[in-house]
Amino acid sequence: MDFQAGILQDGSPMESLEKQLICPICLEMFSKPVVILPCQHNLCRKCANDVFQAANPYWQSRGSLISGGRFRCPSCRHEVLLDRHGVYGLQRNLLVENIIDIYKQECSRPLKKGEHPMCKEHEDERINIYCVTCEVPTCSMCKVFGAHKDCEVAPLQTVFQGQKTELNNCISMLVAGNDRIQTIISQLEDSRQSTEENGEAAKRELCARFDALAALLEEKKAELLQRISQEQADKTAFIQSLICQYKEQLEKSSRLVETAIQAAEETGGAAFLMNAKQLIKTIVEASKGGRLDKIEQGYESMDAFSVSLEHLTEAVHALDFDPAEEDEEYFDGEEEEVEENAAPERTVMASL
């Protein structure tokens, strides 16, 4: 993208237009062909195919009997159902493609005379060198007679290329970080679903076993169901809070990527250098911070709530989940040892 960020004012129509032409997957301007999803969001067809293939890894190997597949829109998470043609069955958005062509034509026009940044101290002098000592672009008159006469200077183009390369590297770093965050969000969403499914499975198993003991177990069944539900709610609430935190970080990082991309496409060296240093510093600081929590492996498991209902005739009223503080448990003459630092194994047992 060629975007005159240093020439156009903030909030200009061209700047607003560019933000609408960014693909949420590759974070670059849409590349043709552009497809429109049922939820009315747009994607590069190549990016849409990448997302579809990731969600349906075996789609290409299913032969002629395939019935299509599905994936979620990266912008609104709406589920997109596809037929056997895959993403090639999606409608192209010719309007967006035409807007992209017009936008590129407008942005490729050369700068008008007088639009080059001028020195504030010497109004008739163009900014054409870079003061290495003060780290600011300046003009030749400032070097000869002005505030930078004792400073070290360098050609503007040399510093421009160096800092632009550095900014491009920072952009790549941000994009890679966003990909990792998106992966973590997907994993957290899968973990949340697994936790809910495992919780429901544990409750079904508990109900099935308690039904065999009918009236004697009804009161205890309600109590244990409540504990499983609480564990399920606590875990899903924690995972959901992580998802919200990661989404918030992703949104902030994405906005920073958009700003950085606009600056990286600046063709005027002086205009670019006006804001490049601070922008790079902001990106580096953003990349160092924001370390969020993750869930441990197996966190979503609800296997600890399995139930054993053997030998319960006389011990019905003594049933409970194994307490965490007990080191040893004797069951049916057999000794079971529980390590003090281990997580509680919430298995219902009878003390006969």
# chains A, B, ... in the order shown; residues from 1 in each chain; ligands from 1

$ select_by_dssp --residues "segment 22-179 of chain A" --states "helix (DSSP H, G or I)" --output "count of residues only"
64

$ select_by_dssp --residues "segment 10-219 of chain A" --states "strand (DSSP E or B)" --output "list in words"
Ile22, Met29, Val34, Val35, Ile36, Asn42, Leu43, Cys44, Gly69, Arg70, Phe71, Arg72, Glu79, Val80, Leu81, Leu82, Arg92, Met118, Arg126, Ile129, Tyr130, Cys131, Val136, Pro137, Thr138, Val153, Ala154 and Pro155 of chain A

$ closest_atom_pairs --of "segment 149-217 of chain A" --to "segment 131-143 of chain A" --cutoff "7 Å" --atoms "only C-alpha atoms" --output "tab-separated table"
residue	atom	partner	partner_atom	distance
A:Lys149	CA	A:Lys143	CA	4.2
A:Cys151	CA	A:Thr133	CA	5.6
A:Glu152	CA	A:Val132	CA	5.5
A:Val153	CA	A:Cys131	CA	4.3
A:Ala154	CA	A:Cys131	CA	6.5

$ atom_distance --atom1 "atom CA of Gln91 of chain A" --atom2 "atom CA of Gln40 of chain A"
10.7 Å

$ closest_atom_pairs --of "segment 18-113 of chain A" --to "segment 258-262 of chain A" --cutoff "10 Å" --atoms "only C-alpha atoms" --output "CSV"
residue,atom,partner,partner_atom,distance
A:Glu18,CA,A:Gln262,CA,8.8
A:Lys19,CA,A:Glu258,CA,7.5
A:Ile22,CA,A:Glu258,CA,8.4
A:Leu27,CA,A:Glu258,CA,7.6
A:Glu28,CA,A:Ile261,CA,8.2

$ write_last_selection --atoms "all heavy atoms" --output "PDB file, in the first residue's frame"
ATOM      1  N   GLU A  18      -8.842   3.431   3.995  1.00  0.00           N
ATOM      2  CA  GLU A  18      -7.796   2.398   4.078  1.00  0.00           C
ATOM      3  C   GLU A  18      -8.074   1.412   5.215  1.00  0.00           C
ATOM      4  O   GLU A  18      -7.893   0.211   5.062  1.00  0.00           O
ATOM      5  CB  GLU A  18      -6.434   3.042   4.282  1.00  0.00           C
ATOM      6  CG  GLU A  18      -5.303   2.009   4.308  1.00  0.00           C
ATOM      7  CD  GLU A  18      -3.979   2.620   4.715  1.00  0.00           C
ATOM      8  OE1 GLU A  18      -3.997   3.635   5.410  1.00  0.00           O
ATOM      9  OE2 GLU A  18      -2.944   2.063   4.340  1.00  0.00           O
ATOM     10  N   LYS A  19      -8.539   1.922   6.361  1.00  0.00           N
ATOM     11  CA  LYS A  19      -8.826   1.050   7.497  1.00  0.00           C
ATOM     12  C   LYS A  19      -9.916   0.030   7.150  1.00  0.00           C
ATOM     13  O   LYS A  19      -9.916  -1.080   7.688  1.00  0.00           O
ATOM     14  CB  LYS A  19      -9.261   1.890   8.701  1.00  0.00           C
ATOM     15  CG  LYS A  19      -8.145   2.775   9.254  1.00  0.00           C
ATOM     16  CD  LYS A  19      -8.636   3.584  10.441  1.00  0.00           C
ATOM     17  CE  LYS A  19      -7.521   4.474  10.992  1.00  0.00           C
ATOM     18  NZ  LYS A  19      -7.991   5.291  12.144  1.00  0.00           N
ATOM     19  N   ILE A  22      -8.609  -3.341   5.121  1.00  0.00           N
ATOM     20  CA  ILE A  22      -7.610  -4.223   5.715  1.00  0.00           C
ATOM     21  C   ILE A  22      -8.233  -5.589   5.994  1.00  0.00           C
ATOM     22  O   ILE A  22      -9.288  -5.682   6.624  1.00  0.00           O
ATOM     23  CB  ILE A  22      -7.042  -3.631   7.025  1.00  0.00           C
ATOM     24  CG1 ILE A  22      -6.337  -2.302   6.744  1.00  0.00           C
ATOM     25  CG2 ILE A  22      -6.071  -4.610   7.682  1.00  0.00           C
ATOM     26  CD1 ILE A  22      -5.147  -2.424   5.827  1.00  0.00           C
ATOM     27  N   LEU A  27      -3.902  -8.858   7.799  1.00  0.00           N
ATOM     28  CA  LEU A  27      -3.680  -7.480   8.264  1.00  0.00           C
ATOM     29  C   LEU A  27      -3.055  -6.601   7.184  1.00  0.00           C
ATOM     30  O   LEU A  27      -2.353  -5.645   7.479  1.00  0.00           O
ATOM     31  CB  LEU A  27      -2.825  -7.456   9.536  1.00  0.00           C
ATOM     32  CG  LEU A  27      -3.407  -8.205  10.732  1.00  0.00           C
ATOM     33  CD1 LEU A  27      -2.474  -8.125  11.927  1.00  0.00           C
ATOM     34  CD2 LEU A  27      -4.774  -7.665  11.091  1.00  0.00           C
ATOM     35  N   GLU A  28      -3.285  -6.947   5.936  1.00  0.00           N
ATOM     36  CA  GLU A  28      -2.851  -6.138   4.812  1.00  0.00           C
ATOM     37  C   GLU A  28      -4.085  -5.791   3.971  1.00  0.00           C
ATOM     38  O   GLU A  28      -5.173  -6.311   4.182  1.00  0.00           O
ATOM     39  CB  GLU A  28      -1.821  -6.895   3.975  1.00  0.00           C
ATOM     40  CG  GLU A  28      -0.526  -7.193   4.729  1.00  0.00           C
ATOM     41  CD  GLU A  28       0.482  -7.932   3.871  1.00  0.00           C
ATOM     42  OE1 GLU A  28       0.127  -8.236   2.695  1.00  0.00           O
ATOM     43  OE2 GLU A  28       1.583  -8.212   4.337  1.00  0.00           O
TER      44      GLU A  28
END

$ residues_around --residues "Leu156 of chain A" --least-positions-apart "6" --cutoff "7 Å" --atoms "only C-alpha atoms" --output "list in words"
Asn128, Ile129, Tyr130 and Gly269 of chain A

$ residues_around --residues "Met173 of chain A" --least-positions-apart "6" --cutoff "10 Å" --atoms "only C-alpha atoms" --output "list in words"
Leu167, Asp179, Val257, Ile283, Val284 and Ser287 of chain A

$ closest_residue --among "A:Leu90, A:Met302, A:Ala270, A:Leu17" --to "Pro33 of chain A" --atoms "only C-alpha atoms"
A:Leu90

$ residues_around --residues "Leu21 of chain A" --least-positions-apart "2" --cutoff "10 Å" --atoms "only C-alpha atoms" --output "PyMOL selection string"
chain A and resi 16-19+23-24+27-31+42-43+96-97+99-100+103

$ write_last_selection --atoms "N, CA and C atoms" --output "PDB file, in the first residue's frame"
ATOM      1  N   SER A  16      -9.573   6.886   6.457  1.00  0.00           N
ATOM      2  CA  SER A  16     -10.692   6.074   6.922  1.00  0.00           C
ATOM      3  C   SER A  16     -10.983   4.940   5.953  1.00  0.00           C
ATOM      4  N   LEU A  17     -10.863   5.231   4.668  1.00  0.00           N
ATOM      5  CA  LEU A  17     -11.101   4.204   3.661  1.00  0.00           C
ATOM      6  C   LEU A  17     -10.093   3.074   3.784  1.00  0.00           C
ATOM      7  N   GLU A  18      -8.842   3.431   3.995  1.00  0.00           N
ATOM      8  CA  GLU A  18      -7.796   2.398   4.078  1.00  0.00           C
ATOM      9  C   GLU A  18      -8.074   1.412   5.215  1.00  0.00           C
ATOM     10  N   LYS A  19      -8.539   1.922   6.361  1.00  0.00           N
ATOM     11  CA  LYS A  19      -8.826   1.050   7.497  1.00  0.00           C
ATOM     12  C   LYS A  19      -9.916   0.030   7.150  1.00  0.00           C
ATOM     13  N   CYS A  23      -7.604  -6.643   5.530  1.00  0.00           N
ATOM     14  CA  CYS A  23      -8.071  -8.009   5.791  1.00  0.00           C
ATOM     15  C   CYS A  23      -7.780  -8.365   7.245  1.00  0.00           C
ATOM     16  N   PRO A  24      -8.762  -8.886   8.008  1.00  0.00           N
ATOM     17  CA  PRO A  24      -8.522  -9.219   9.423  1.00  0.00           C
ATOM     18  C   PRO A  24      -7.613 -10.419   9.619  1.00  0.00           C
ATOM     19  N   LEU A  27      -3.902  -8.858   7.799  1.00  0.00           N
ATOM     20  CA  LEU A  27      -3.680  -7.480   8.264  1.00  0.00           C
ATOM     21  C   LEU A  27      -3.055  -6.601   7.184  1.00  0.00           C
ATOM     22  N   GLU A  28      -3.285  -6.947   5.936  1.00  0.00           N
ATOM     23  CA  GLU A  28      -2.851  -6.138   4.812  1.00  0.00           C
ATOM     24  C   GLU A  28      -4.085  -5.791   3.971  1.00  0.00           C
ATOM     25  N   MET A  29      -3.863  -4.900   2.990  1.00  0.00           N
ATOM     26  CA  MET A  29      -4.984  -4.559   2.124  1.00  0.00           C
ATOM     27  C   MET A  29      -5.469  -5.810   1.396  1.00  0.00           C
ATOM     28  N   PHE A  30      -6.798  -5.916   1.252  1.00  0.00           N
ATOM     29  CA  PHE A  30      -7.367  -7.075   0.580  1.00  0.00           C
ATOM     30  C   PHE A  30      -6.653  -7.337  -0.748  1.00  0.00           C
ATOM     31  N   SER A  31      -6.339  -8.599  -0.998  1.00  0.00           N
ATOM     32  CA  SER A  31      -5.791  -8.986  -2.297  1.00  0.00           C
ATOM     33  C   SER A  31      -6.876  -9.720  -3.066  1.00  0.00           C
ATOM     34  N   ASN A  42     -15.683  -9.212   4.837  1.00  0.00           N
ATOM     35  CA  ASN A  42     -14.896  -9.563   3.656  1.00  0.00           C
ATOM     36  C   ASN A  42     -13.559 -10.176   4.057  1.00  0.00           C
ATOM     37  N   LEU A  43     -13.057 -11.064   3.182  1.00  0.00           N
ATOM     38  CA  LEU A  43     -11.744 -11.683   3.370  1.00  0.00           C
ATOM     39  C   LEU A  43     -11.087 -11.860   2.010  1.00  0.00           C
ATOM     40  N   VAL A  96     -15.870  -4.053  -3.524  1.00  0.00           N
ATOM     41  CA  VAL A  96     -14.647  -3.837  -2.750  1.00  0.00           C
ATOM     42  C   VAL A  96     -13.425  -3.901  -3.646  1.00  0.00           C
ATOM     43  N   GLU A  97     -13.390  -4.823  -4.596  1.00  0.00           N
ATOM     44  CA  GLU A  97     -12.251  -4.935  -5.504  1.00  0.00           C
ATOM     45  C   GLU A  97     -12.086  -3.667  -6.338  1.00  0.00           C
ATOM     46  N   ILE A  99     -13.121  -0.654  -5.424  1.00  0.00           N
ATOM     47  CA  ILE A  99     -12.681   0.411  -4.504  1.00  0.00           C
ATOM     48  C   ILE A  99     -11.181   0.315  -4.268  1.00  0.00           C
ATOM     49  N   ILE A 100     -10.665  -0.901  -4.135  1.00  0.00           N
ATOM     50  CA  ILE A 100      -9.222  -1.094  -3.925  1.00  0.00           C
ATOM     51  C   ILE A 100      -8.441  -0.541  -5.113  1.00  0.00           C
ATOM     52  N   TYR A 103      -8.537   3.234  -4.947  1.00  0.00           N
ATOM     53  CA  TYR A 103      -7.709   3.708  -3.836  1.00  0.00           C
ATOM     54  C   TYR A 103      -6.223   3.671  -4.191  1.00  0.00           C
TER      55      TYR A 103
END

$ closest_atom_pairs --of "segment 51-156 of chain A" --to "segment 181-192 of chain A" --cutoff "12 Å" --atoms "only C-alpha atoms" --output "tab-separated table"
residue	atom	partner	partner_atom	distance
A:Val51	CA	A:Thr183	CA	11.8
A:Ala54	CA	A:Thr183	CA	11.2
A:Ala55	CA	A:Ser186	CA	10.8
A:Phe71	CA	A:Ser186	CA	12.0
A:Arg72	CA	A:Ser186	CA	10.6
A:Pro74	CA	A:Gln182	CA	9.4
A:Ser75	CA	A:Gln182	CA	11.7
A:Arg77	CA	A:Ser186	CA	10.8
